[in-house]
file model32.txt (compact mmCIF, C-alpha atoms)
# COMPACT_ATOMS: atom_id res chain seq x y z
CA MET Q 1 103.35 117.44 94.71
CA LEU Q 2 102.37 119.74 97.56
CA ASN Q 3 103.56 122.88 95.80
CA ASN Q 4 100.78 125.42 95.27
CA LYS Q 5 98.30 123.14 97.04
CA THR Q 6 95.96 123.97 99.92
CA ILE Q 7 96.20 121.40 102.72
CA LEU Q 8 93.89 121.14 105.73
CA ILE Q 9 94.79 119.22 108.90
CA THR Q 10 92.03 118.28 111.33
CA GLY Q 11 93.32 118.27 114.89
CA GLY Q 12 96.17 120.28 113.45
CA THR Q 13 97.52 121.74 116.71
CA GLY Q 14 98.66 118.33 117.96
CA SER Q 15 102.14 116.83 117.74
CA PHE Q 16 101.55 115.48 114.24
CA GLY Q 17 100.05 118.72 112.94
CA ASN Q 18 102.99 120.77 114.20
CA CYS Q 19 105.55 118.39 112.69
CA PHE Q 20 103.66 118.05 109.39
CA THR Q 21 103.35 121.83 109.07
CA GLN Q 22 107.05 122.34 109.79
CA TYR Q 23 108.06 119.62 107.32
CA VAL Q 24 105.85 120.86 104.48
CA LEU Q 25 106.88 124.50 104.91
CA GLU Q 26 110.56 123.51 104.83
CA HIS Q 27 110.37 121.11 101.88
CA TYR Q 28 107.56 122.43 99.66
CA GLU Q 29 105.84 125.64 98.59
CA PRO Q 30 102.22 125.08 99.57
CA LYS Q 31 99.62 127.67 98.69
CA LYS Q 32 98.10 127.43 102.16
CA ILE Q 33 97.98 125.16 105.23
CA ILE Q 34 94.74 125.29 107.22
CA ILE Q 35 94.82 124.21 110.86
CA TYR Q 36 91.36 122.99 111.88
CA SER Q 37 90.94 122.38 115.62
CA ARG Q 38 88.87 123.21 118.72
CA ASP Q 39 91.41 124.90 121.00
CA GLU Q 40 91.99 128.59 120.23
CA PHE Q 41 94.88 128.83 122.72
CA LYS Q 42 96.78 126.01 121.01
CA GLN Q 43 96.11 127.76 117.71
CA PHE Q 44 97.56 130.97 119.17
CA LEU Q 45 100.68 129.10 120.31
CA MET Q 46 101.09 127.45 116.91
CA ALA Q 47 100.60 130.76 115.08
CA SER Q 48 103.32 132.28 117.26
CA LYS Q 49 105.64 129.34 116.58
CA PHE Q 50 105.22 129.71 112.81
CA LYS Q 51 105.12 133.50 112.75
CA LYS Q 52 107.50 133.79 109.80
CA TYR Q 53 105.14 131.65 107.70
CA GLU Q 54 101.99 133.56 108.64
CA ASP Q 55 101.16 134.29 104.98
CA LYS Q 56 100.90 130.49 104.39
CA LEU Q 57 98.90 129.52 107.51
CA ARG Q 58 95.22 129.84 108.33
CA PHE Q 59 93.58 128.82 111.60
CA PHE Q 60 90.00 127.55 111.61
CA ILE Q 61 88.25 126.92 114.93
CA GLY Q 62 85.90 123.98 114.57
CA ASP Q 63 85.09 120.44 115.64
CA VAL Q 64 84.94 117.39 113.40
CA ARG Q 65 81.55 116.71 114.99
CA ASP Q 66 80.24 119.80 113.14
CA LYS Q 67 79.64 118.81 109.51
CA GLU Q 68 78.54 122.28 108.38
CA ARG Q 69 81.69 123.84 109.80
CA LEU Q 70 83.81 121.22 108.03
CA LYS Q 71 82.11 121.96 104.72
CA ARG Q 72 82.93 125.64 105.09
CA ALA Q 73 86.54 124.84 106.03
CA PHE Q 74 86.98 122.47 103.06
CA GLU Q 75 86.18 125.13 100.44
CA GLY Q 76 89.18 125.44 98.11
CA VAL Q 77 91.11 122.63 99.84
CA ASP Q 78 93.08 120.12 97.75
CA TYR Q 79 94.24 117.66 100.42
CA VAL Q 80 92.88 116.78 103.87
CA ILE Q 81 94.89 115.05 106.61
CA HIS Q 82 92.51 113.72 109.26
CA ALA Q 83 94.41 113.64 112.56
CA ALA Q 84 91.64 114.69 114.98
CA ALA Q 85 90.63 112.02 117.48
CA LEU Q 86 90.08 111.27 121.13
CA LYS Q 87 93.11 109.07 121.79
CA GLN Q 88 93.56 108.46 125.51
CA VAL Q 89 92.47 104.88 126.24
CA PRO Q 90 91.19 105.44 129.83
CA ALA Q 91 89.30 108.60 128.81
CA CYS Q 92 87.61 106.77 125.96
CA GLU Q 93 86.65 103.87 128.24
CA TYR Q 94 85.05 106.28 130.73
CA ASN Q 95 83.43 108.48 128.04
CA PRO Q 96 82.51 106.02 125.27
CA ASN Q 97 79.78 108.18 123.74
CA GLU Q 98 82.19 111.08 123.37
CA ALA Q 99 84.79 108.85 121.70
CA ILE Q 100 82.14 107.60 119.27
CA LYS Q 101 81.00 111.14 118.45
CA THR Q 102 84.52 112.29 117.61
CA ASN Q 103 86.23 109.19 116.23
CA ILE Q 104 83.33 107.65 114.28
CA HIS Q 105 80.76 110.38 113.61
CA GLY Q 106 83.59 112.88 113.11
CA ALA Q 107 85.22 110.57 110.57
CA GLN Q 108 81.95 110.29 108.63
CA ASN Q 109 81.58 114.08 108.71
CA VAL Q 110 85.07 114.51 107.24
CA ILE Q 111 84.19 112.03 104.49
CA ASP Q 112 80.87 113.70 103.68
CA ALA Q 113 82.40 117.19 103.66
CA ALA Q 114 85.21 116.01 101.36
CA LEU Q 115 82.77 114.33 98.95
CA ASP Q 116 80.64 117.48 98.86
CA SER Q 117 83.60 119.73 98.03
CA ALA Q 118 86.49 119.77 95.56
CA VAL Q 119 88.93 117.93 97.85
CA ARG Q 120 91.08 115.50 95.84
CA LYS Q 121 92.81 113.38 98.49
CA VAL Q 122 92.06 112.49 102.10
CA VAL Q 123 94.56 110.66 104.31
CA ALA Q 124 93.32 109.49 107.72
CA LEU Q 125 95.70 108.64 110.55
CA SER Q 126 95.08 105.24 112.10
CA THR Q 127 96.70 103.36 114.99
CA ASP Q 128 97.91 99.90 115.88
CA LYS Q 129 95.06 99.86 118.43
CA ALA Q 130 92.58 99.59 115.54
CA VAL Q 131 94.05 96.16 114.73
CA ASN Q 132 92.22 93.42 116.65
CA PRO Q 133 91.02 96.09 119.11
CA VAL Q 134 90.82 95.31 122.81
CA ASN Q 135 89.67 98.76 123.98
CA LEU Q 136 87.02 101.26 122.95
CA TYR Q 137 89.52 103.67 121.40
CA GLY Q 138 90.80 100.90 119.14
CA GLY Q 139 87.22 99.89 118.30
CA THR Q 140 86.28 103.41 117.25
CA LYS Q 141 89.41 103.72 115.11
CA LEU Q 142 88.68 100.38 113.44
CA VAL Q 143 85.24 101.70 112.45
CA SER Q 144 86.84 104.96 111.29
CA ASP Q 145 89.30 103.03 109.09
CA LYS Q 146 86.46 101.03 107.54
CA LEU Q 147 84.54 104.25 106.83
CA PHE Q 148 87.50 105.83 105.03
CA VAL Q 149 88.13 102.72 102.93
CA ALA Q 150 84.44 102.44 101.98
CA ALA Q 151 84.27 106.18 101.17
CA ASN Q 152 85.97 105.41 97.86
CA ALA Q 153 82.76 103.66 96.76
CA TYR Q 154 80.94 106.99 96.90
CA ALA Q 155 83.41 109.03 94.86
CA GLY Q 156 81.49 108.44 91.63
CA THR Q 157 83.05 110.54 88.87
CA LYS Q 158 84.79 112.85 91.35
CA ASP Q 159 88.59 112.95 91.27
CA ILE Q 160 88.99 112.05 94.95
CA ASN Q 161 90.39 109.15 96.92
CA PHE Q 162 90.64 108.19 100.59
CA SER Q 163 93.51 106.25 102.17
CA ILE Q 164 94.90 105.44 105.62
CA VAL Q 165 98.28 105.64 107.33
CA ARG Q 166 98.79 103.38 110.35
CA TYR Q 167 101.44 103.53 113.05
CA GLY Q 168 101.72 103.06 116.80
CA ASN Q 169 102.82 105.40 119.57
CA VAL Q 170 105.25 107.99 118.25
CA ALA Q 171 108.53 108.18 120.19
CA GLY Q 172 108.22 110.93 122.78
CA SER Q 173 104.58 111.80 122.03
CA ARG Q 174 102.28 112.90 124.84
CA GLY Q 175 101.05 110.00 126.95
CA SER Q 176 103.68 107.57 125.69
CA VAL Q 177 106.25 105.68 127.75
CA ILE Q 178 109.31 107.89 127.12
CA PRO Q 179 107.87 111.06 128.74
CA LEU Q 180 106.39 108.82 131.48
CA PHE Q 181 109.82 107.50 132.45
CA HIS Q 182 111.31 110.98 132.09
CA ASN Q 183 108.77 112.54 134.45
CA ILE Q 184 109.22 109.78 137.03
CA ALA Q 185 112.98 110.32 137.09
CA LYS Q 186 112.66 114.13 137.00
CA ASN Q 187 110.37 114.05 140.03
CA GLY Q 188 112.67 111.88 142.09
CA GLY Q 189 111.17 108.46 141.42
CA THR Q 190 113.24 105.49 142.58
CA GLU Q 191 111.97 102.82 140.15
CA LEU Q 192 110.46 102.54 136.69
CA PRO Q 193 107.09 100.74 136.37
CA ILE Q 194 106.96 98.15 133.58
CA THR Q 195 103.52 96.69 132.94
CA ASP Q 196 105.00 93.45 131.60
CA PHE Q 197 108.68 92.60 131.11
CA ARG Q 198 107.82 90.90 127.79
CA MET Q 199 106.28 94.05 126.29
CA THR Q 200 107.56 95.36 122.93
CA ARG Q 201 106.77 98.36 120.77
CA PHE Q 202 107.68 99.75 117.35
CA TRP Q 203 109.90 102.85 117.17
CA ILE Q 204 108.70 105.58 114.81
CA SER Q 205 109.53 109.27 114.89
CA LEU Q 206 107.10 112.06 114.08
CA THR Q 207 109.10 112.87 110.95
CA GLN Q 208 108.78 109.26 109.74
CA GLY Q 209 105.03 109.49 110.34
CA VAL Q 210 104.85 112.68 108.30
CA GLU Q 211 106.86 111.14 105.46
CA LEU Q 212 104.49 108.17 105.35
CA VAL Q 213 101.50 110.53 105.05
CA ILE Q 214 103.21 112.34 102.16
CA LYS Q 215 103.87 108.99 100.48
CA ALA Q 216 100.16 108.19 100.79
CA LEU Q 217 99.27 111.56 99.27
CA GLU Q 218 101.61 110.86 96.37
CA GLU Q 219 100.76 107.22 95.68
CA ALA Q 220 97.29 106.33 96.97
CA THR Q 221 94.59 105.46 94.45
CA GLY Q 222 91.95 104.72 97.08
CA GLY Q 223 91.45 102.40 100.04
CA GLU Q 224 95.06 101.55 100.86
CA THR Q 225 96.48 101.34 104.38
CA PHE Q 226 100.16 102.38 104.44
CA ILE Q 227 102.40 100.94 107.18
CA SER Q 228 106.10 101.77 107.66
CA LYS Q 229 108.71 99.04 108.15
CA ILE Q 230 110.32 100.13 111.41
CA PRO Q 231 112.38 98.54 114.20
CA SER Q 232 111.05 97.07 117.45
CA PHE Q 233 112.36 97.51 120.96
CA LYS Q 234 111.74 95.97 124.36
CA ILE Q 235 110.29 98.30 126.99
CA THR Q 236 112.88 96.94 129.45
CA ASP Q 237 115.66 97.97 127.02
CA LEU Q 238 114.15 101.45 126.80
CA ALA Q 239 114.26 101.72 130.60
CA LYS Q 240 117.92 100.59 130.59
CA ALA Q 241 118.77 103.13 127.89
CA MET Q 242 117.07 106.03 129.68
CA TYR Q 243 117.86 105.41 133.35
CA PRO Q 244 120.12 102.38 133.87
CA GLU Q 245 120.55 103.35 137.52
CA LEU Q 246 116.84 102.91 138.30
CA PRO Q 247 115.45 99.43 139.01
CA MET Q 248 112.41 98.19 137.10
CA LYS Q 249 109.23 96.95 138.74
CA GLU Q 250 106.67 94.80 136.90
CA VAL Q 251 103.25 96.26 137.77
CA GLY Q 252 100.88 94.25 135.58
CA ILE Q 253 99.34 94.96 132.21
CA ARG Q 254 96.68 97.70 132.18
CA PRO Q 255 93.11 97.23 130.92
CA GLY Q 256 93.00 97.61 127.14
CA GLU Q 257 96.77 97.31 126.77
CA LYS Q 258 98.55 94.82 124.47
CA LEU Q 259 101.87 93.06 124.90
CA HIS Q 260 102.87 93.87 121.32
CA GLU Q 261 101.85 96.37 118.65
CA ILE Q 262 100.29 94.69 115.61
CA MET Q 263 100.13 96.52 112.28
CA VAL Q 264 99.19 93.75 109.84
CA THR Q 265 97.04 90.79 110.86
CA THR Q 266 97.04 87.32 109.34
CA GLU Q 267 93.60 88.16 107.92
CA ASP Q 268 95.12 91.20 106.17
CA SER Q 269 97.80 89.04 104.56
CA PHE Q 270 95.54 88.11 101.63
CA THR Q 271 95.69 91.68 100.29
CA THR Q 272 99.02 92.95 101.71
CA TYR Q 273 102.08 93.77 99.60
CA GLU Q 274 105.59 94.41 100.85
CA TYR Q 275 107.79 97.19 99.47
CA GLU Q 276 111.32 98.30 100.34
CA LYS Q 277 110.36 100.56 103.25
CA HIS Q 278 106.67 99.91 103.86
CA PHE Q 279 103.68 97.58 103.56
CA ILE Q 280 100.36 98.38 101.92
CA VAL Q 281 97.16 96.61 102.91
CA TYR Q 282 94.88 96.92 99.88
CA PRO Q 283 91.08 96.90 100.24
CA GLN Q 284 89.38 93.55 99.90
CA VAL Q 285 86.60 95.14 97.86
CA VAL Q 286 87.47 97.53 95.00
CA TRP Q 287 85.17 99.99 93.28
CA ASN Q 288 87.12 101.17 90.24
CA ASN Q 289 89.98 100.18 87.97
CA LYS Q 290 92.41 102.55 89.73
CA GLN Q 291 92.43 100.41 92.87
CA GLN Q 292 95.01 97.89 91.75
CA PRO Q 293 98.07 96.81 93.76
CA ASP Q 294 101.40 98.36 92.85
CA LEU Q 295 103.12 95.29 91.46
CA SER Q 296 106.61 96.68 92.13
CA GLY Q 297 106.15 95.09 95.57
CA LYS Q 298 105.66 91.46 96.45
CA LYS Q 299 102.62 89.80 97.94
CA VAL Q 300 103.23 88.65 101.51
CA PRO Q 301 102.66 84.95 102.20
CA GLU Q 302 99.27 83.82 103.45
CA GLY Q 303 99.20 83.96 107.25
CA PHE Q 304 101.82 86.73 107.46
CA ALA Q 305 101.50 89.22 110.33
CA TYR Q 306 103.55 92.30 111.21
CA SER Q 307 103.98 92.63 114.96
CA SER Q 308 106.53 94.35 117.20
CA GLY Q 309 106.92 91.01 118.99
CA ASP Q 310 108.24 89.03 116.03
CA ASN Q 311 109.86 91.77 113.94
CA THR Q 312 113.09 91.07 112.04
CA GLU Q 313 114.67 94.40 113.03
CA TRP Q 314 115.42 95.22 116.68
CA LEU Q 315 116.97 98.16 118.50
CA THR Q 316 119.67 97.49 121.08
CA VAL Q 317 120.04 99.51 124.27
CA GLU Q 318 122.78 101.52 122.55
CA ASP Q 319 120.59 102.09 119.47
CA ILE Q 320 117.81 103.39 121.70
CA ARG Q 321 120.20 105.66 123.58
CA GLU Q 322 121.27 107.27 120.30
CA LEU Q 323 117.68 107.70 119.08
CA LEU Q 324 116.67 109.29 122.39
CA LYS Q 325 118.97 112.22 121.51
CA THR Q 326 116.44 113.18 118.81
CA VAL Q 327 113.44 113.12 121.19
CA GLU Q 328 112.42 116.44 122.72
CA LEU Q 329 111.32 116.18 126.35
CA GLU Q 330 110.22 118.81 128.84
CA LYS Q 331 113.01 120.10 131.04
call {"tool": "encode", "arguments": {"input": "model32.txt", "output": "structure tokens"}}
result
Amino acid sequence: MLNNKTILITGGTGSFGNCFTQYVLEHYEPKKIIIYSRDEFKQFLMASKFKKYEDKLRFFIGDVRDKERLKRAFEGVDYVIHAAALKQVPACEYNPNEAIKTNIHGAQNVIDAALDSAVRKVVALSTDKAVNPVNLYGGTKLVSDKLFVAANAYAGTKDINFSIVRYGNVAGSRGSVIPLFHNIAKNGGTELPITDFRMTRFWISLTQGVELVIKALEEATGGETFISKIPSFKITDLAKAMYPELPMKEVGIRPGEKLHEIMVTTEDSFTTYEYEKHFIVYPQVVWNNKQQPDLSGKKVPEGFAYSSGDNTEWLTVEDIRELLKTVELEK
């Protein structure tokens, strides 16, 4: 499906963009991958990393806040993956206007630029924090999700659709708990801080996130939210798996933090279908006859919710220890 296609990734120098680029270059024959981002040094590093694929890669300096620049970048593009966002919860709380400009206005700019060009599919990355948001970052991503779903109403006769992929913190990603524990131990820390001993999270790897995006590119007809079925783990079990010799200290939940990651709410259950390896939340309002549920799945019962706290699949300490072998951490 991605063979001979031109793909653009906003925020493409991040962890997801690097993994997606690597995966697509190894498994497909794309015509071109365009990395659209603000940081020229990160682009330089990424270009060096993928030197042997230089004939397939293009680097476009630009900001999603700049609609005209996006329109220029989208010329000749088949598929857009929207990964650009301000993601750090404390930074968004302290700089709310900046988060709104990037996460909401930037999302609308991506939509407008895609509608005004020949782009055929747009997949936007979402987050568990957009579900029943309790912080500004989650609030901006909720609005972004709504914008991408509603964008399908403006497609008209164009052969274009917009969909969403939702997952939580990726194992080992910047700012997540695994590198936090690693850095504490590396720097001689004597205990691991746990915000709440009851806290749980989903485990998803970057590669799994990439594969879910590709599934959305292949299957979306417009307005769906794709969610992987993945195991849960307790933060205390993660600490035991990483550094069993270090004691844990409960330090209290941080502002804007949740005890559990929630991917599907009870309100979503009315339009959610379950498949072998994923869920799809379908839009409550449809705008064309393509937007019909894939009936190979089954409708979830009314009141169903998908949360890391009441998942049916759990990782043990040993399971986590094995998975940690696949996580790259700074030496």
call {"tool": "atom_distance", "arguments": {"input": "model32.txt", "atom1": "CA of Ile227 in chain Q", "atom2": "CA of Ser173 in chain Q"}}
result
18.5 Å
call {"tool": "closest_residue", "arguments": {"input": "model32.txt", "among": "Q:Lys42, Q:Arg72, Q:Lys240, Q:Lys52", "to": "Leu8 in chain Q", "atoms": "only C-alpha atoms"}}
result
Q:Arg72
call {"tool": "residues_around", "arguments": {"input": "model32.txt", "residues": "range 201-203 of chain Q", "least_positions_apart": "2", "cutoff": "8 Å", "atoms": "all atoms listed in the file", "output": "list of chain:residue names"}}
result
Q:Gly168, Q:Asn169, Q:Val170, Q:Ala171, Q:Met199, Q:Ser205, Q:Ile230, Q:Pro231, Q:Ser232, Q:Phe233, Q:Lys234, Q:Ile235, Q:His260, Q:Glu261, Q:Ser308, Q:Gly309
call {"tool": "residues_around", "arguments": {"input": "model32.txt", "residues": "Phe270 in chain Q", "least_positions_apart": "6", "cutoff": "10 Å", "atoms": "all atoms listed in the file", "output": "compact mmCIF listing (two decimals) with C-alpha atoms, in the frame of the given file"}}
result
# COMPACT_ATOMS: atom_id res chain seq x y z
CA VAL Q 281 97.16 96.61 102.91
CA TYR Q 282 94.88 96.92 99.88
CA PRO Q 283 91.08 96.90 100.24
CA GLN Q 284 89.38 93.55 99.90
CA LYS Q 299 102.62 89.80 97.94
CA VAL Q 300 103.23 88.65 101.51
CA PRO Q 301 102.66 84.95 102.20
CA GLU Q 302 99.27 83.82 103.45
CA GLY Q 303 99.20 83.96 107.25
CA PHE Q 304 101.82 86.73 107.46
call {"tool": "residues_around", "arguments": {"input": "model32.txt", "residues": "Ala124 in chain Q", "least_positions_apart": "4", "cutoff": "7 Å", "atoms": "only C-alpha atoms", "output": "PyMOL selection string"}}
result
chain Q and resi 81-83+163-165
call {"tool": "closest_residue", "arguments": {"input": "model32.txt", "among": "Q:Pro244, Q:Gly188, Q:Pro96, Q:Gly138", "to": "Glu318 in chain Q", "atoms": "only C-alpha atoms"}}
result
Q:Pro244
call {"tool": "closest_residue", "arguments": {"input": "model32.txt", "among": "Q:Val177, Q:Ile33, Q:Leu70, Q:Leu25", "to": "Leu192 in chain Q", "atoms": "only C-alpha atoms"}}
result
Q:Val177
call {"tool": "atom_distance", "arguments": {"input": "model32.txt", "atom1": "CA of Lys298 in chain Q", "atom2": "CA of Glu267 in chain Q"}}
result
17.0 Å
call {"tool": "atom_distance", "arguments": {"input": "model32.txt", "atom1": "CA of Asn4 in chain Q", "atom2": "CA of His278 in chain Q"}}
result
27.6 Å
call {"tool": "residues_around", "arguments": {"input": "model32.txt", "residues": "Asp319 in chain Q", "least_positions_apart": "3", "cutoff": "10 Å", "atoms": "all atoms listed in the file", "output": "number ranges by chain"}}
result
Q: 233, 237-238, 241, 314-316, 322-324
call {"tool": "residues_around", "arguments": {"input": "model32.txt", "residues": "Thr102 in chain Q", "least_positions_apart": "4", "cutoff": "10 Å", "atoms": "all atoms listed in the file", "output": "list in words"}}
result
Asp63, Val64, Arg65, Asp66, Ala84, Ala85, Leu86, Asn97, Glu98, Gly106, Ala107, Gln108, Asn109, Thr140 and Ser144 of chain Q
call {"tool": "closest_residue", "arguments": {"input": "model32.txt", "among": "Q:Thr225, Q:Thr195, Q:Thr265, Q:Asn161", "to": "Phe279 in chain Q", "atoms": "only C-alpha atoms"}}
result
Q:Thr225
call {"tool": "closest_atom_pairs", "arguments": {"input": "model32.txt", "of": "range 202-260 of chain Q", "to": "range 178-184 of chain Q", "cutoff": "9 Å", "atoms": "all atoms listed in the file", "output": "tab-separated table"}}
result
residue	atom	partner	partner_atom	distance
Q:Leu238	CA	Q:Ile178	CA	8.1
Q:Ala239	CA	Q:Phe181	CA	7.5
Q:Met242	CA	Q:Phe181	CA	7.9
Q:Tyr243	CA	Q:Phe181	CA	8.4
call {"tool": "decode", "arguments": {"input": "model32.txt", "residues": "range 133-145 of chain Q", "atoms": "C-alpha atoms", "output": "mmCIF file, in the first residue's frame"}}
result
data_model
loop_
_atom_site.group_PDB
_atom_site.id
_atom_site.type_symbol
_atom_site.label_atom_id
_atom_site.label_comp_id
_atom_site.auth_asym_id
_atom_site.auth_seq_id
_atom_site.Cartn_x
_atom_site.Cartn_y
_atom_site.Cartn_z
ATOM 1 C CA PRO Q 133 -8.838 15.178 29.908
ATOM 2 C CA VAL Q 134 -7.635 16.503 33.251
ATOM 3 C CA ASN Q 135 -4.828 18.722 31.925
ATOM 4 C CA LEU Q 136 -4.436 21.312 29.191
ATOM 5 C CA TYR Q 137 -2.405 19.018 26.941
ATOM 6 C CA GLY Q 138 -5.202 16.447 27.025
ATOM 7 C CA GLY Q 139 -7.775 19.177 26.389
ATOM 8 C CA THR Q 140 -5.952 20.433 23.305
ATOM 9 C CA LYS Q 141 -5.597 16.900 21.949
ATOM 10 C CA LEU Q 142 -9.299 16.236 22.512
ATOM 11 C CA VAL Q 143 -10.108 19.295 20.389
ATOM 12 C CA SER Q 144 -7.566 18.148 17.798
ATOM 13 C CA ASP Q 145 -9.226 14.705 17.622
#
